[in-house]
Amino acid sequence: MSSTELATNLFRITQTDEVLKNKNINNEDDACITHHKVGQAVRQTIKRIGGTMPEDLPTPRKSTKQIEKEKNKKLSFKDNKRLK
């Protein structure tokens with residue numbers, strides 16, 4: 001995920017949290033509706049200011065799982081070398 005996508009997600013999450021708190025929303029159905037509305041507003045804002053829509057952001061060459069697998073492979077290789 002790029003820094004733009006991370007920032008957008010964090011903004012959406014924090015704003016949803018604020019709306020839920022400010023409007024005293026504490027049931028799942030209303031929370032889901034609020035989450036959707038805030039997400040729509042964030043998307044509309046990105047579009048209005050001429051930003052890149054999330055679906056148009058570049059995707060990484062490797063998935064999180066691939067990176068994690070490579071990292072674990074390196075760690076186990078280092079551990080095996082130490083044991084010898």
# chains A, B, ... in the order shown; residues from 1 in each chain; ligands from 1
$ residues_around --residues "Ser2 in chain A" --least-positions-apart "2" --cutoff "12 Å" --atoms "only C-alpha atoms" --output "ChimeraX atom specification"
/A:4-9,52,54,56-61
$ residues_around --residues "range 36-47 of chain A" --least-positions-apart "2" --cutoff "8 Å" --atoms "only C-alpha atoms" --output "ChimeraX atom specification"
/A:8,12,15-16,32-34,49-53
$ write_last_selection --atoms "C-alpha atoms" --output "PDB file, in the first residue's frame"
ATOM      1  CA  THR A   8      -6.728   7.858   2.911  1.00  0.00           C
ATOM      2  CA  ARG A  12     -11.667   7.443   6.579  1.00  0.00           C
ATOM      3  CA  GLN A  15     -13.559  10.349  10.539  1.00  0.00           C
ATOM      4  CA  THR A  16     -15.928   7.404  10.861  1.00  0.00           C
ATOM      5  CA  CYS A  32     -22.162   0.166   8.991  1.00  0.00           C
ATOM      6  CA  ILE A  33     -24.326   2.811   7.322  1.00  0.00           C
ATOM      7  CA  THR A  34     -22.155   5.573   8.811  1.00  0.00           C
ATOM      8  CA  ILE A  49      -9.918  17.794  -5.709  1.00  0.00           C
ATOM      9  CA  GLY A  50      -8.468  15.806  -8.597  1.00  0.00           C
ATOM     10  CA  GLY A  51      -6.673  13.159  -6.553  1.00  0.00           C
ATOM     11  CA  THR A  52      -6.039   9.615  -7.653  1.00  0.00           C
ATOM     12  CA  MET A  53      -8.895   7.271  -6.872  1.00  0.00           C
TER      13      MET A  53
END
$ select_by_dssp --residues "range 21-61 of chain A" --states "helix (DSSP H, G or I)" --output "MDAnalysis selection string"
chainID A and resid 21:22 28:49 54:56
